[in-house]
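Reviewing the structure listed below.
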Amino acid sequence: MPKPSTPRRLARAVLRPVLRQLDARTDRRIRRAGSDQRRTIAELQRTVDRMSAELLALRAAVPATAASPASPATAASPAAGDGAATAQVTASVAAAWGPEGRRDRRVKPGQLRRLASEVADVCGVSSAGRETATAYRTLLEVENRGVGRIAGGTANIVGKLAAVPLLRPPNGEILEIGCLYGLFAGAVVRQVLRAGLDYHLTLVDPVAARQIQHGREESVEDAAGTPISESLIRANLALCGVEESRLRLCRGFSQDPAVRAAAGDRRYGLVVVDGDHAREGVLADLEWVETVVAPGAVVVLDDYGARQWPGVEEATEEYLKRGDTRLRWVGQVATSAFLRAQ
């Protein structure tokens, strides 16, 4: 005898087909969702692959770009405008650092590196690249800031400036014989400060309107086109940051007894000889300098080895051959000789 149907059994019998259908739909949706996920993953992988290929192409293009660096304006301009942009940069550099009114301050590839090697050899250090680059920037800044010019070629000036802090003068007392517009003196004060020394600057110069050599004033106008005066020298030094209280200007020639008496009241740690370039004048300056330098002082002779000034090298070699001199040869950078006082 069959069991009587109850409401619960009846509900199960009615709902069983519905539950099977729901289970089937759920399975289909799960499978569809998995398929959609796999498609999404595949699409993401294709995007990643495409971006990786673009990145590799950009990396390959970087060396070509770095080989010929350009300003943002040049890089953004079409290829047809590159020539005009380059010409504009060249003209601007020439106007700022070119030879109008002074020597050309633009350097050739490798020039500073070779100069740094000379400086390092003379100063007995392994490397002078940083000091040479700093000296070059100092030359550009000082000469563009002031009025007039610094006499001499770029390698000669930069070599002197770079060597000063590396040679470690024993004190910050500076004597320069022959200062022209005063701009090199301002630059060398910075180098003494870089050596960690407190400075005082003494200048010896007749302060003529034009440069004097062999006892005569030059007949032609200075390349800078500006007459030299004491007020201009002091103004240039102020522009370089030299304090008036740390400066004295002894007007006259270095052979004048009154000048020697005024400037010879102390022992100098650094002396720059850039006055009379004749053999007799250089000999006279070296004789006096030896009496006013401190032990260990650095003496710099400008235009040593320069073809147009043979008297500098002749006098220096003759003086160093004397047996009683305190000055000893250190070395040469460009056209500057360096001596050390014993």
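By convention in this document, the chains of the structure tokens carry letters A, B, ... by their order, each chain's residues are numbered from 1, and ligands are numbered from 1 in the order they are shown.
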### Residues within 7 Å of segment 142-152 of chain A, only C-alpha atoms, excluding chain neighbours under 4 positions, as a list in words
Arg102, Thr138, Asn156, Ile157, Tyr181, Leu183, Phe184, Ala187, Ala224, Thr226, Asn236, Leu239 and Cys240 of chain A
Grab the residues selected above and save them as a compact mmCIF listing (two decimals), in the first residue's frame with N, CA and C atoms.
```
# COMPACT_ATOMS: atom_id res chain seq x y z
N ARG A 102 88.72 90.25 -26.26
CA ARG A 102 89.57 89.42 -25.40
C ARG A 102 89.95 88.17 -26.18
N THR A 138 85.16 79.74 -13.29
CA THR A 138 85.53 81.00 -12.63
C THR A 138 86.01 82.03 -13.64
N ASN A 156 96.29 79.05 -20.29
CA ASN A 156 97.22 79.68 -19.36
C ASN A 156 96.51 80.14 -18.09
N ILE A 157 95.38 80.82 -18.26
CA ILE A 157 94.64 81.34 -17.10
C ILE A 157 94.06 80.21 -16.27
N TYR A 181 93.39 94.89 -15.45
CA TYR A 181 92.08 95.37 -14.99
C TYR A 181 91.70 94.84 -13.60
N LEU A 183 90.98 91.72 -12.85
CA LEU A 183 90.05 90.60 -12.89
C LEU A 183 90.72 89.27 -12.52
N PHE A 184 91.97 89.08 -12.97
CA PHE A 184 92.63 87.83 -12.57
C PHE A 184 92.85 87.80 -11.06
N ALA A 187 89.83 86.57 -9.48
CA ALA A 187 89.65 85.13 -9.66
C ALA A 187 90.58 84.33 -8.75
N ALA A 224 90.18 95.23 -25.02
CA ALA A 224 88.87 95.39 -24.38
C ALA A 224 88.22 96.71 -24.73
N THR A 226 88.66 99.56 -23.23
CA THR A 226 88.38 100.35 -22.03
C THR A 226 89.68 100.81 -21.38
N ASN A 236 86.11 96.36 -10.33
CA ASN A 236 86.16 94.97 -10.77
C ASN A 236 86.38 94.02 -9.61
N LEU A 239 83.23 93.65 -7.73
CA LEU A 239 82.32 92.75 -8.45
C LEU A 239 82.70 91.29 -8.26
N CYS A 240 83.99 91.03 -8.07
CA CYS A 240 84.46 89.67 -7.83
C CYS A 240 84.27 89.23 -6.38
```
### strand (DSSP E) call set, DSSP backbone run, segment 113-321 of chain A, as a PyMOL selection string
chain A and resi 173-177+200-205+212-213+216-217+247-251+268-273+293-302
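Residue nearest Val125 of chain A, chosen from A:Arg103, A:Arg190, A:Arg137, A:Arg168 and counting only C-alpha atoms: A:Arg168.
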### Query
What's the 10 Å shell around Val289 of chain A, counting only C-alpha atoms, without same-chain residues fewer than 4 positions away, as JSON, numbers by chain?
{"A": [175, 177, 254, 260, 264, 267, 268, 271, 272, 273, 283, 284, 285, 293, 294, 299, 327, 341]}
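All residues of protein, DNA or RNA that reach within 7 Å of Gly296 of chain A, judged by only C-alpha atoms and not counting those fewer than 5 positions away in the chain, are Pro169, Pro170, Arg340, Ala341 and Gln342 of chain A.
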Write out, as a PDB file, in the first residue's frame, the residues just selected, with N, CA and C atoms.
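The file below, part-v3.pdb, is the result:
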```pdb
ATOM      1  N   PRO A 169      99.216  77.035  -0.850  1.00  0.00           N
ATOM      2  CA  PRO A 169     100.064  78.102  -0.304  1.00  0.00           C
ATOM      3  C   PRO A 169     100.020  78.087   1.224  1.00  0.00           C
ATOM      4  N   PRO A 170     101.104  78.497   1.874  1.00  0.00           N
ATOM      5  CA  PRO A 170     101.139  78.421   3.344  1.00  0.00           C
ATOM      6  C   PRO A 170     100.259  79.450   4.039  1.00  0.00           C
ATOM      7  N   ARG A 340     108.537  77.040  -5.883  1.00  0.00           N
ATOM      8  CA  ARG A 340     108.212  76.929  -4.464  1.00  0.00           C
ATOM      9  C   ARG A 340     109.387  77.474  -3.660  1.00  0.00           C
ATOM     10  N   ALA A 341     109.049  78.331  -2.670  1.00  0.00           N
ATOM     11  CA  ALA A 341     110.093  78.900  -1.800  1.00  0.00           C
ATOM     12  C   ALA A 341     110.454  77.921  -0.697  1.00  0.00           C
ATOM     13  N   GLN A 342     111.730  77.804  -0.441  1.00  0.00           N
ATOM     14  CA  GLN A 342     112.225  76.923   0.634  1.00  0.00           C
ATOM     15  C   GLN A 342     112.172  77.658   1.975  1.00  0.00           C
TER      16      GLN A 342
END
```
#### Entry: Atomic distance atom CA of Ala94 of chain A - atom CA of Leu232 of chain A, expressed in Å with one decimal
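Result for atom CA of Ala94 of chain A versus atom CA of Leu232 of chain A: 25.6 Å, one decimal.
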### Point-to-point distance in Å for atom CA of Ser336 of chain A and atom CA of Leu112 of chain A
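Result for atom CA of Leu112 of chain A versus atom CA of Ser336 of chain A: 15.7 Å, one decimal.
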### Task
Could you check which of A:Val292, A:Leu339, A:Ala306, A:Ala235 is closest to Ala262 of chain A, using only C-alpha atoms?
A:Val292
